[in-house]
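Chemist: Sending over query_15.cif (mmCIF, N, CA and C atoms).
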data_my_file
loop_
_atom_site.label_atom_id
_atom_site.label_comp_id
_atom_site.auth_asym_id
_atom_site.auth_seq_id
_atom_site.Cartn_x
_atom_site.Cartn_y
_atom_site.Cartn_z
N MET L 1 -27.36 5.29 -2.38
CA MET L 1 -28.80 5.13 -2.25
C MET L 1 -29.21 5.29 -0.78
N MET L 2 -28.51 4.62 0.11
CA MET L 2 -28.82 4.68 1.53
C MET L 2 -28.59 6.10 2.06
N LYS L 3 -27.58 6.80 1.54
CA LYS L 3 -27.28 8.15 1.96
C LYS L 3 -28.45 9.09 1.62
N HIS L 4 -29.05 8.91 0.43
CA HIS L 4 -30.19 9.73 0.02
C HIS L 4 -31.42 9.44 0.87
N LEU L 5 -31.60 8.17 1.22
CA LEU L 5 -32.73 7.79 2.06
C LEU L 5 -32.61 8.42 3.44
N VAL L 6 -31.42 8.40 4.01
CA VAL L 6 -31.19 8.99 5.32
C VAL L 6 -31.42 10.50 5.26
N ARG L 7 -30.93 11.15 4.20
CA ARG L 7 -31.15 12.60 4.05
C ARG L 7 -32.63 12.91 3.95
N SER L 8 -33.37 12.11 3.22
CA SER L 8 -34.81 12.32 3.08
C SER L 8 -35.52 12.19 4.41
N ILE L 9 -35.13 11.19 5.19
CA ILE L 9 -35.75 10.99 6.50
C ILE L 9 -35.42 12.15 7.42
N VAL L 10 -34.17 12.59 7.43
CA VAL L 10 -33.76 13.70 8.28
C VAL L 10 -34.50 14.98 7.87
N LEU L 11 -34.61 15.23 6.56
CA LEU L 11 -35.32 16.40 6.07
C LEU L 11 -36.80 16.34 6.46
N SER L 12 -37.40 15.17 6.35
CA SER L 12 -38.80 15.01 6.74
C SER L 12 -39.01 15.30 8.22
N ILE L 13 -38.13 14.81 9.04
CA ILE L 13 -38.22 15.04 10.49
C ILE L 13 -38.04 16.53 10.79
N ALA L 14 -37.10 17.18 10.11
CA ALA L 14 -36.87 18.60 10.32
C ALA L 14 -38.09 19.42 9.92
N LEU L 15 -38.70 19.08 8.78
CA LEU L 15 -39.89 19.78 8.34
C LEU L 15 -41.06 19.58 9.30
N LEU L 16 -41.22 18.37 9.77
CA LEU L 16 -42.29 18.08 10.72
C LEU L 16 -42.09 18.90 12.00
N GLY L 17 -40.86 18.98 12.46
CA GLY L 17 -40.56 19.77 13.64
C GLY L 17 -40.85 21.24 13.43
N ALA L 18 -40.51 21.76 12.25
CA ALA L 18 -40.78 23.16 11.93
C ALA L 18 -42.28 23.43 11.87
N LEU L 19 -43.04 22.51 11.28
CA LEU L 19 -44.49 22.67 11.21
C LEU L 19 -45.11 22.65 12.59
N THR L 20 -44.63 21.77 13.45
CA THR L 20 -45.14 21.69 14.81
C THR L 20 -44.84 22.97 15.57
N LEU L 21 -43.63 23.52 15.40
CA LEU L 21 -43.25 24.75 16.06
C LEU L 21 -44.12 25.90 15.58
N THR L 22 -44.35 25.97 14.28
CA THR L 22 -45.19 27.03 13.73
C THR L 22 -46.60 26.95 14.28
N SER L 23 -47.17 25.76 14.37
CA SER L 23 -48.52 25.60 14.90
C SER L 23 -48.59 26.06 16.35
N GLY L 24 -47.60 25.71 17.14
CA GLY L 24 -47.58 26.10 18.53
C GLY L 24 -47.49 27.60 18.71
N GLU L 25 -46.69 28.27 17.85
CA GLU L 25 -46.56 29.71 17.94
C GLU L 25 -47.86 30.38 17.52
N ALA L 26 -48.50 29.87 16.50
CA ALA L 26 -49.73 30.48 15.98
C ALA L 26 -50.83 30.46 17.04
N SER L 27 -50.91 29.39 17.80
CA SER L 27 -51.99 29.28 18.77
C SER L 27 -51.85 30.28 19.91
N LYS L 28 -50.65 30.83 20.15
CA LYS L 28 -50.46 31.83 21.19
C LYS L 28 -50.97 33.19 20.75
N ASP L 29 -51.01 33.45 19.45
CA ASP L 29 -51.51 34.69 18.91
C ASP L 29 -53.02 34.58 18.79
N ARG L 30 -53.75 35.31 19.59
CA ARG L 30 -55.20 35.15 19.66
C ARG L 30 -55.93 35.67 18.41
N THR L 31 -55.27 36.45 17.54
CA THR L 31 -55.95 36.88 16.33
C THR L 31 -55.81 35.86 15.21
N VAL L 32 -55.07 34.82 15.44
CA VAL L 32 -54.94 33.73 14.48
C VAL L 32 -56.06 32.73 14.75
N CYS L 33 -56.63 32.19 13.69
CA CYS L 33 -57.68 31.19 13.86
C CYS L 33 -57.15 30.06 14.73
N GLN L 34 -57.84 29.81 15.81
CA GLN L 34 -57.38 28.82 16.78
C GLN L 34 -57.58 27.39 16.30
N LEU L 35 -58.20 27.22 15.14
CA LEU L 35 -58.39 25.88 14.61
C LEU L 35 -57.43 25.59 13.46
N CYS L 36 -57.35 26.48 12.48
CA CYS L 36 -56.55 26.18 11.28
C CYS L 36 -55.26 26.99 11.18
N GLY L 37 -55.12 28.06 11.96
CA GLY L 37 -53.90 28.84 11.96
C GLY L 37 -53.87 30.01 10.99
N MET L 38 -54.95 30.23 10.23
CA MET L 38 -54.99 31.38 9.32
C MET L 38 -55.11 32.66 10.13
N ASP L 39 -54.69 33.79 9.54
CA ASP L 39 -54.79 35.08 10.21
C ASP L 39 -56.25 35.54 10.17
N ALA L 40 -56.98 35.30 11.24
CA ALA L 40 -58.41 35.60 11.28
C ALA L 40 -58.68 37.09 11.21
N SER L 41 -57.75 37.91 11.68
CA SER L 41 -57.98 39.36 11.66
C SER L 41 -57.99 39.92 10.24
N LYS L 42 -57.46 39.18 9.29
CA LYS L 42 -57.47 39.60 7.88
C LYS L 42 -58.58 38.94 7.09
N SER L 43 -59.40 38.16 7.75
CA SER L 43 -60.47 37.42 7.08
C SER L 43 -61.72 38.27 6.92
N ASP L 44 -62.38 38.12 5.78
CA ASP L 44 -63.67 38.78 5.56
C ASP L 44 -64.80 38.08 6.30
N THR L 45 -64.52 36.92 6.86
CA THR L 45 -65.56 36.12 7.52
C THR L 45 -65.17 35.73 8.94
N GLU L 46 -64.52 36.64 9.65
CA GLU L 46 -64.01 36.35 11.00
C GLU L 46 -65.14 36.21 12.02
N PHE L 47 -64.93 35.30 12.95
CA PHE L 47 -65.80 35.12 14.11
C PHE L 47 -64.93 35.25 15.35
N ILE L 48 -65.49 35.78 16.42
CA ILE L 48 -64.78 35.84 17.71
C ILE L 48 -65.63 35.11 18.74
N LEU L 49 -65.00 34.18 19.44
CA LEU L 49 -65.67 33.43 20.50
C LEU L 49 -65.20 33.99 21.83
N TYR L 50 -66.12 34.50 22.62
CA TYR L 50 -65.81 35.01 23.95
C TYR L 50 -66.08 33.88 24.93
N LEU L 51 -65.06 33.57 25.71
CA LEU L 51 -65.14 32.43 26.63
C LEU L 51 -65.35 32.89 28.06
N LYS L 52 -65.83 31.99 28.89
CA LYS L 52 -66.10 32.29 30.30
C LYS L 52 -64.81 32.46 31.09
N THR L 53 -63.80 31.65 30.79
CA THR L 53 -62.61 31.63 31.64
C THR L 53 -61.32 32.08 30.95
N GLU L 54 -61.32 32.24 29.65
CA GLU L 54 -60.09 32.56 28.93
C GLU L 54 -60.31 33.77 28.04
N PRO L 55 -59.22 34.33 27.49
CA PRO L 55 -59.40 35.40 26.51
C PRO L 55 -60.15 34.88 25.28
N GLU L 56 -60.66 35.81 24.49
CA GLU L 56 -61.42 35.41 23.32
C GLU L 56 -60.57 34.60 22.34
N MET L 57 -61.26 33.84 21.50
CA MET L 57 -60.61 33.06 20.46
C MET L 57 -61.17 33.51 19.11
N HIS L 58 -60.29 33.57 18.12
CA HIS L 58 -60.71 33.99 16.78
C HIS L 58 -60.82 32.78 15.86
N ALA L 59 -61.73 32.89 14.92
CA ALA L 59 -61.91 31.87 13.89
C ALA L 59 -61.99 32.58 12.54
N CYS L 60 -61.40 31.99 11.51
CA CYS L 60 -61.34 32.65 10.20
C CYS L 60 -62.64 32.52 9.41
N CYS L 61 -63.48 31.57 9.77
CA CYS L 61 -64.69 31.31 8.97
C CYS L 61 -65.73 30.62 9.84
N ILE L 62 -66.91 30.46 9.26
CA ILE L 62 -68.01 29.85 10.00
C ILE L 62 -67.73 28.38 10.33
N ASN L 63 -67.02 27.69 9.46
CA ASN L 63 -66.73 26.28 9.71
C ASN L 63 -65.78 26.12 10.90
N CYS L 64 -64.71 26.93 10.93
CA CYS L 64 -63.79 26.85 12.08
C CYS L 64 -64.49 27.29 13.36
N ALA L 65 -65.34 28.33 13.27
CA ALA L 65 -66.10 28.78 14.45
C ALA L 65 -67.00 27.67 14.96
N ARG L 66 -67.71 27.02 14.04
CA ARG L 66 -68.62 25.93 14.42
C ARG L 66 -67.86 24.81 15.12
N ARG L 67 -66.71 24.46 14.58
CA ARG L 67 -65.93 23.36 15.18
C ARG L 67 -65.37 23.76 16.55
N LEU L 68 -64.95 25.03 16.69
CA LEU L 68 -64.46 25.49 18.00
C LEU L 68 -65.60 25.51 19.03
N ILE L 69 -66.77 25.97 18.61
CA ILE L 69 -67.92 26.01 19.52
C ILE L 69 -68.27 24.60 19.98
N LYS L 70 -68.25 23.66 19.05
CA LYS L 70 -68.55 22.27 19.40
C LYS L 70 -67.51 21.72 20.39
N LYS L 71 -66.26 22.08 20.16
CA LYS L 71 -65.17 21.59 21.02
C LYS L 71 -65.23 22.23 22.41
N LEU L 72 -65.50 23.53 22.48
CA LEU L 72 -65.47 24.26 23.76
C LEU L 72 -66.80 24.23 24.50
N ASP L 73 -67.88 24.00 23.79
CA ASP L 73 -69.23 23.83 24.32
C ASP L 73 -69.59 24.86 25.38
N ALA L 74 -69.66 24.47 26.62
CA ALA L 74 -70.17 25.31 27.70
C ALA L 74 -69.24 26.49 28.04
N GLU L 75 -68.01 26.47 27.58
CA GLU L 75 -67.07 27.56 27.86
C GLU L 75 -67.39 28.81 27.05
N VAL L 76 -68.12 28.67 25.96
CA VAL L 76 -68.43 29.80 25.08
C VAL L 76 -69.62 30.57 25.64
N LYS L 77 -69.41 31.88 25.89
CA LYS L 77 -70.52 32.68 26.41
C LYS L 77 -71.12 33.58 25.34
N GLN L 78 -70.36 33.93 24.30
CA GLN L 78 -70.90 34.75 23.22
C GLN L 78 -70.03 34.56 21.97
N VAL L 79 -70.67 34.71 20.81
CA VAL L 79 -69.96 34.62 19.54
C VAL L 79 -70.37 35.82 18.70
N THR L 80 -69.38 36.48 18.10
CA THR L 80 -69.67 37.58 17.19
C THR L 80 -69.17 37.23 15.80
N ALA L 81 -69.82 37.83 14.80
CA ALA L 81 -69.45 37.64 13.40
C ALA L 81 -69.10 38.99 12.81
N LEU L 82 -68.14 39.01 11.90
CA LEU L 82 -67.75 40.25 11.25
C LEU L 82 -68.79 40.63 10.20
N ASP L 83 -69.38 41.80 10.37
CA ASP L 83 -70.35 42.32 9.40
C ASP L 83 -69.57 42.70 8.14
N CYS L 84 -69.89 42.07 7.05
CA CYS L 84 -69.18 42.28 5.79
C CYS L 84 -69.32 43.71 5.28
N GLN L 85 -70.41 44.36 5.60
CA GLN L 85 -70.67 45.72 5.13
C GLN L 85 -69.96 46.76 5.97
N THR L 86 -70.12 46.69 7.30
CA THR L 86 -69.59 47.73 8.18
C THR L 86 -68.20 47.41 8.72
N ARG L 87 -67.78 46.16 8.60
CA ARG L 87 -66.49 45.67 9.13
C ARG L 87 -66.45 45.75 10.67
N LYS L 88 -67.63 45.71 11.30
CA LYS L 88 -67.73 45.67 12.76
C LYS L 88 -68.35 44.34 13.15
N HIS L 89 -68.05 43.90 14.36
CA HIS L 89 -68.60 42.63 14.83
C HIS L 89 -70.01 42.82 15.38
N VAL L 90 -70.85 41.86 15.04
CA VAL L 90 -72.24 41.83 15.52
C VAL L 90 -72.47 40.48 16.19
N PRO L 91 -73.41 40.40 17.12
CA PRO L 91 -73.71 39.10 17.73
C PRO L 91 -74.09 38.09 16.63
N ALA L 92 -73.45 36.95 16.65
CA ALA L 92 -73.66 35.94 15.60
C ALA L 92 -75.10 35.46 15.54
N THR L 93 -75.77 35.44 16.67
CA THR L 93 -77.16 34.97 16.68
C THR L 93 -78.13 35.99 16.08
N GLU L 94 -77.69 37.24 15.93
CA GLU L 94 -78.54 38.29 15.36
C GLU L 94 -78.17 38.63 13.93
N ALA L 95 -77.10 38.06 13.42
CA ALA L 95 -76.61 38.38 12.07
C ALA L 95 -77.46 37.69 11.01
N PHE L 96 -77.38 38.22 9.80
CA PHE L 96 -78.01 37.62 8.62
C PHE L 96 -76.89 37.11 7.74
N TYR L 97 -77.03 35.90 7.22
CA TYR L 97 -75.95 35.23 6.51
C TYR L 97 -76.29 34.99 5.05
N VAL L 98 -75.26 35.11 4.21
CA VAL L 98 -75.38 34.81 2.78
C VAL L 98 -74.32 33.78 2.44
N SER L 99 -74.76 32.69 1.83
CA SER L 99 -73.81 31.67 1.37
C SER L 99 -74.07 31.42 -0.11
N GLY L 100 -73.08 30.86 -0.77
CA GLY L 100 -73.24 30.51 -2.18
C GLY L 100 -73.08 31.67 -3.14
N SER L 101 -72.49 32.79 -2.69
CA SER L 101 -72.31 33.92 -3.61
C SER L 101 -71.09 33.67 -4.50
N LYS L 102 -70.98 34.45 -5.54
CA LYS L 102 -69.84 34.33 -6.46
C LYS L 102 -68.60 35.02 -5.90
N ARG L 103 -68.78 35.84 -4.89
CA ARG L 103 -67.65 36.54 -4.30
C ARG L 103 -66.88 35.58 -3.39
N ILE L 104 -65.58 35.61 -3.52
CA ILE L 104 -64.72 34.78 -2.67
C ILE L 104 -64.08 35.70 -1.62
N PRO L 105 -64.34 35.44 -0.36
CA PRO L 105 -63.80 36.31 0.69
C PRO L 105 -62.30 36.12 0.90
N LYS L 106 -61.66 37.17 1.40
CA LYS L 106 -60.25 37.09 1.75
C LYS L 106 -60.09 36.32 3.06
N GLY L 107 -59.06 35.50 3.14
CA GLY L 107 -58.71 34.83 4.39
C GLY L 107 -59.75 33.92 4.98
N SER L 108 -60.52 33.25 4.14
CA SER L 108 -61.58 32.38 4.63
C SER L 108 -61.44 31.00 4.02
N MET L 109 -62.13 30.07 4.61
CA MET L 109 -62.18 28.71 4.08
C MET L 109 -63.62 28.36 3.77
N MET L 110 -63.80 27.39 2.89
CA MET L 110 -65.15 26.98 2.49
C MET L 110 -65.87 26.29 3.64
N PRO L 111 -67.16 26.36 3.70
CA PRO L 111 -68.06 27.08 2.79
C PRO L 111 -68.00 28.58 3.08
N PHE L 112 -68.05 29.38 2.02
CA PHE L 112 -67.97 30.83 2.17
C PHE L 112 -69.32 31.37 2.61
N VAL L 113 -69.35 31.95 3.80
CA VAL L 113 -70.57 32.49 4.37
C VAL L 113 -70.26 33.89 4.88
N PHE L 114 -71.01 34.86 4.38
CA PHE L 114 -70.82 36.25 4.78
C PHE L 114 -71.90 36.64 5.78
N ALA L 115 -71.50 37.41 6.80
CA ALA L 115 -72.43 37.87 7.83
C ALA L 115 -72.73 39.35 7.64
N PHE L 116 -73.97 39.73 8.00
CA PHE L 116 -74.39 41.13 7.91
C PHE L 116 -75.22 41.47 9.13
N GLY L 117 -75.14 42.72 9.55
CA GLY L 117 -75.91 43.18 10.70
C GLY L 117 -77.37 43.44 10.38
N THR L 118 -77.69 43.66 9.10
CA THR L 118 -79.08 43.93 8.72
C THR L 118 -79.48 43.05 7.54
N ARG L 119 -80.75 42.78 7.48
CA ARG L 119 -81.27 41.99 6.37
C ARG L 119 -81.14 42.74 5.04
N ASN L 120 -81.32 44.06 5.07
CA ASN L 120 -81.19 44.86 3.85
C ASN L 120 -79.79 44.74 3.25
N ASP L 121 -78.76 44.81 4.12
CA ASP L 121 -77.38 44.66 3.63
C ASP L 121 -77.15 43.27 3.06
N ALA L 122 -77.69 42.26 3.71
CA ALA L 122 -77.54 40.89 3.22
C ALA L 122 -78.23 40.70 1.88
N ASP L 123 -79.44 41.25 1.76
CA ASP L 123 -80.18 41.14 0.48
C ASP L 123 -79.47 41.88 -0.65
N ALA L 124 -78.95 43.07 -0.35
CA ALA L 124 -78.24 43.83 -1.38
C ALA L 124 -76.98 43.10 -1.83
N PHE L 125 -76.27 42.49 -0.89
CA PHE L 125 -75.07 41.71 -1.23
C PHE L 125 -75.45 40.51 -2.10
N LYS L 126 -76.50 39.83 -1.70
CA LYS L 126 -76.96 38.66 -2.43
C LYS L 126 -77.35 39.04 -3.86
N ASP L 127 -78.08 40.14 -4.02
CA ASP L 127 -78.48 40.60 -5.36
C ASP L 127 -77.26 40.95 -6.21
N ARG L 128 -76.28 41.54 -5.59
CA ARG L 128 -75.08 41.98 -6.33
C ARG L 128 -74.19 40.81 -6.74
N TYR L 129 -74.03 39.81 -5.88
CA TYR L 129 -73.07 38.72 -6.13
C TYR L 129 -73.70 37.39 -6.48
N GLU L 130 -74.97 37.37 -6.73
CA GLU L 130 -75.61 36.08 -7.04
C GLU L 130 -75.44 35.74 -8.52
#
Would you mind writing the file's structure down as C-alpha coordinates?
Modeler:
Amino acid sequence: MMKHLVRSIVLSIALLGALTLTSGEASKDRTVCQLCGMDASKSDTEFILYLKTEPEMHACCINCARRLIKKLDAEVKQVTALDCQTRKHVPATEAFYVSGSKRIPKGSMMPFVFAFGTRNDADAFKDRYE
(Lines of atoms letter the chains of each structure in order from A and count residues from 1; the text may use other names and numbers.)
(Lines give C-alpha, C1' and ligand atoms only; values in the text may rest on other atoms or scores of the structure.)
Protein backbone atom coordinates (compact mmCIF):
# COMPACT_ATOMS: atom_id res chain seq x y z
CA MET A 1 0.00 0.00 0.00
CA MET A 2 2.77 2.44 0.95
CA LYS A 3 4.68 1.52 -2.22
CA HIS A 4 1.66 2.51 -4.38
CA LEU A 5 1.26 5.77 -2.48
CA VAL A 6 4.91 6.67 -3.04
CA ARG A 7 4.62 5.82 -6.76
CA SER A 8 1.53 8.01 -7.04
CA ILE A 9 3.28 10.93 -5.38
CA VAL A 10 6.37 10.53 -7.57
CA LEU A 11 4.19 10.31 -10.70
CA SER A 12 2.26 13.42 -9.66
CA ILE A 13 5.47 15.37 -9.11
CA ALA A 14 6.83 14.22 -12.47
CA LEU A 15 3.64 15.27 -14.25
CA LEU A 16 3.63 18.64 -12.53
CA GLY A 17 7.23 19.18 -13.60
CA ALA A 18 6.40 18.25 -17.19
CA LEU A 19 3.44 20.63 -17.24
CA THR A 20 5.58 23.44 -15.85
CA LEU A 21 8.26 22.79 -18.48
CA THR A 22 5.68 22.78 -21.26
CA SER A 23 4.21 26.09 -20.09
CA GLY A 24 7.64 27.69 -19.97
CA GLU A 25 8.48 26.52 -23.49
CA ALA A 26 5.14 27.70 -24.88
CA SER A 27 5.61 31.23 -23.58
CA LYS A 28 8.86 31.59 -25.58
CA ASP A 29 6.98 30.94 -28.83
CA ARG A 30 5.31 34.25 -29.61
CA THR A 31 2.63 32.69 -31.85
CA VAL A 32 1.31 30.74 -28.88
CA CYS A 33 -1.35 32.45 -26.78
CA GLN A 34 0.63 34.09 -24.02
CA LEU A 35 -2.17 33.49 -21.53
CA CYS A 36 -3.48 29.94 -22.07
CA GLY A 37 -0.82 28.33 -24.29
CA MET A 38 -3.05 27.48 -27.28
CA ASP A 39 -1.59 27.90 -30.78
CA ALA A 40 -2.96 31.36 -31.56
CA SER A 41 -1.73 31.26 -35.16
CA LYS A 42 -4.23 28.45 -35.85
CA SER A 43 -7.11 30.25 -34.16
CA ASP A 44 -10.04 31.73 -36.07
CA THR A 45 -10.22 34.45 -33.41
CA GLU A 46 -6.57 35.48 -32.98
CA PHE A 47 -5.56 38.85 -31.56
CA ILE A 48 -2.08 40.37 -31.65
CA LEU A 49 -0.95 42.84 -29.00
CA TYR A 50 1.86 45.15 -30.10
CA LEU A 51 3.84 46.35 -27.13
CA LYS A 52 5.99 49.44 -26.61
CA THR A 53 9.08 47.62 -25.37
CA GLU A 54 8.79 43.94 -26.36
CA PRO A 55 7.89 41.86 -29.41
CA GLU A 56 4.21 41.38 -30.08
CA MET A 57 2.14 38.92 -28.06
CA HIS A 58 -0.54 36.65 -29.49
CA ALA A 59 -3.86 35.72 -27.93
CA CYS A 60 -6.16 32.92 -29.14
CA CYS A 61 -9.42 34.71 -28.38
CA ILE A 62 -11.01 37.92 -27.18
CA ASN A 63 -11.05 36.77 -23.56
CA CYS A 64 -7.31 36.02 -23.47
CA ALA A 65 -6.62 39.30 -25.30
CA ARG A 66 -8.74 41.23 -22.79
CA ARG A 67 -6.94 39.65 -19.86
CA LEU A 68 -3.50 40.32 -21.39
CA ILE A 69 -4.43 43.95 -22.10
CA LYS A 70 -5.58 44.37 -18.51
CA LYS A 71 -2.35 42.80 -17.23
CA LEU A 72 0.00 44.79 -19.52
CA ASP A 73 -2.01 48.03 -19.45
CA ALA A 74 0.22 50.92 -20.56
CA GLU A 75 2.69 48.64 -22.39
CA VAL A 76 0.13 47.90 -25.13
CA LYS A 77 0.34 50.35 -28.02
CA GLN A 78 -1.94 48.59 -30.54
CA VAL A 79 -4.16 45.52 -30.80
CA THR A 80 -5.23 43.79 -34.00
CA ALA A 81 -7.94 41.19 -34.55
CA LEU A 82 -8.04 38.50 -37.21
CA ASP A 83 -10.70 39.32 -39.81
CA CYS A 84 -12.71 36.11 -40.12
CA GLN A 85 -13.53 36.83 -43.77
CA THR A 86 -10.18 37.94 -45.20
CA ARG A 87 -7.88 36.17 -42.69
CA LYS A 88 -5.92 39.44 -42.34
CA HIS A 89 -5.44 41.44 -39.17
CA VAL A 90 -7.35 44.69 -38.71
CA PRO A 91 -7.09 47.23 -35.89
CA ALA A 92 -9.23 45.84 -33.06
CA THR A 93 -10.80 49.23 -32.37
CA GLU A 94 -12.07 49.44 -35.97
CA ALA A 95 -13.33 45.85 -36.29
CA PHE A 96 -16.96 44.72 -36.18
CA TYR A 97 -17.68 41.79 -33.87
CA VAL A 98 -20.22 38.96 -33.90
CA SER A 99 -20.86 36.86 -30.82
CA GLY A 100 -23.39 34.15 -30.09
CA SER A 101 -23.27 32.52 -33.53
CA LYS A 102 -23.80 28.80 -34.04
CA ARG A 103 -20.39 28.49 -35.67
CA ILE A 104 -17.63 27.28 -33.38
CA PRO A 105 -14.24 28.73 -34.32
CA LYS A 106 -11.06 26.67 -34.53
CA GLY A 107 -8.50 27.18 -31.78
CA SER A 108 -10.57 29.54 -29.66
CA MET A 109 -12.01 29.66 -26.19
CA MET A 110 -15.40 30.93 -25.05
CA PRO A 111 -16.98 33.36 -25.44
CA PHE A 112 -16.72 32.88 -29.20
CA VAL A 113 -16.40 36.29 -30.84
CA PHE A 114 -15.58 36.74 -34.52
CA ALA A 115 -14.00 39.92 -35.88
CA PHE A 116 -14.59 41.48 -39.30
CA GLY A 117 -13.07 44.43 -41.11
CA THR A 118 -16.43 45.59 -42.49
CA ARG A 119 -19.93 45.77 -41.15
CA ASN A 120 -21.27 44.09 -44.31
CA ASP A 121 -19.07 41.02 -43.71
CA ALA A 122 -20.16 40.89 -40.07
CA ASP A 123 -23.85 41.17 -40.99
CA ALA A 124 -23.55 38.48 -43.67
CA PHE A 125 -21.83 36.15 -41.19
CA LYS A 126 -24.47 36.84 -38.58
CA ASP A 127 -27.29 36.13 -41.05
CA ARG A 128 -25.64 32.89 -42.15
CA TYR A 129 -24.80 31.47 -38.69
CA GLU A 130 -27.56 32.85 -36.51
Chemist: Write out as a ChimeraX atom specification the residues lying within 10 Å of stretch 70-77 of chain L, counting only C-alpha atoms and excluding same-chain residues fewer than 2 positions away.
Modeler: /L:49-54,56-57,64-68,79
Chemist: So how many Å separate atom C of L:Asp83 and atom C of L:Val32, to one decimal?
Modeler: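 A separation of 18.0 Å between them.
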Chemist: Skipping near chain neighbours, those fewer than 2 positions away, what residues fall within 5 Å of L:Ser41 using only N, CA and C atoms, listed as a list in words?
Modeler: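 The contact residues come out as Thr31, Asp39 and Ser43 of chain L.
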Chemist: May I ask which of the residues L:Thr80, L:Gly37, L:Asn63, L:Ala95 is the closest one to L:Pro111, counting only N, CA and C atoms?
Modeler: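 The answer is L:Asn63, which sits nearest to L:Pro111.
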Chemist: May I ask for the distance between atom N of L:Cys36 and atom CA of L:Asp121, given in Å to one decimal place?
Modeler: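 Between atom N of L:Cys36 and atom CA of L:Asp121 the gap is 28.5 Å.
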Chemist: May I have the residues within 5 Å of L:His58 as a ChimeraX atom specification, using all atoms listed in the file and disregarding those fewer than 3 positions away in the same chain?
Modeler: /L:30,32-34,47-49
Chemist: Restricted to N, CA and C atoms, what would the selected residues look like written as a PDB file, in the coordinates of the input?
Modeler:
ATOM      1  N   ARG L  30     -53.750  35.310  19.590  1.00  0.00           N
ATOM      2  CA  ARG L  30     -55.200  35.150  19.660  1.00  0.00           C
ATOM      3  C   ARG L  30     -55.930  35.670  18.410  1.00  0.00           C
ATOM      4  N   VAL L  32     -55.070  34.820  15.440  1.00  0.00           N
ATOM      5  CA  VAL L  32     -54.940  33.730  14.480  1.00  0.00           C
ATOM      6  C   VAL L  32     -56.060  32.730  14.750  1.00  0.00           C
ATOM      7  N   CYS L  33     -56.630  32.190  13.690  1.00  0.00           N
ATOM      8  CA  CYS L  33     -57.680  31.190  13.860  1.00  0.00           C
ATOM      9  C   CYS L  33     -57.150  30.060  14.730  1.00  0.00           C
ATOM     10  N   GLN L  34     -57.840  29.810  15.810  1.00  0.00           N
ATOM     11  CA  GLN L  34     -57.380  28.820  16.780  1.00  0.00           C
ATOM     12  C   GLN L  34     -57.580  27.390  16.300  1.00  0.00           C
ATOM     13  N   PHE L  47     -64.930  35.300  12.950  1.00  0.00           N
ATOM     14  CA  PHE L  47     -65.800  35.120  14.110  1.00  0.00           C
ATOM     15  C   PHE L  47     -64.930  35.250  15.350  1.00  0.00           C
ATOM     16  N   ILE L  48     -65.490  35.780  16.420  1.00  0.00           N
ATOM     17  CA  ILE L  48     -64.780  35.840  17.710  1.00  0.00           C
ATOM     18  C   ILE L  48     -65.630  35.110  18.740  1.00  0.00           C
ATOM     19  N   LEU L  49     -65.000  34.180  19.440  1.00  0.00           N
ATOM     20  CA  LEU L  49     -65.670  33.430  20.500  1.00  0.00           C
ATOM     21  C   LEU L  49     -65.200  33.990  21.830  1.00  0.00           C
TER      22      LEU L  49
END
Chemist: For atom C of L:Ala40 and atom CA of L:Phe96, determine how far apart the two atoms are, in Å to one decimal place.
Modeler: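 Computed distance, atom C of L:Ala40 to atom CA of L:Phe96, equals 19.5 Å.
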Chemist: Rank nothing, just name the residue among L:Ala124, L:Ile104, L:Glu130, L:Ala115 nearest to L:Thr86, using all atoms listed in the file.
Modeler: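 When distances to L:Thr86 are compared using all atoms listed in the file, the smallest one comes from L:Ala115.
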Chemist: Here is a test: counting only C-alpha atoms, which residue of L:Asn120, L:Gln78, L:Arg87, L:Tyr129 is nearest to L:Arg103?
Modeler: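 Of all the options, L:Tyr129 lies closest to L:Arg103.
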Chemist: Pick the closest to L:Leu82 from L:Gly117, L:Glu46, L:Lys102, L:Phe112: which is it, counting only C-alpha atoms?
Modeler: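 Among the listed residues, the smallest separation from L:Leu82 belongs to L:Glu46.
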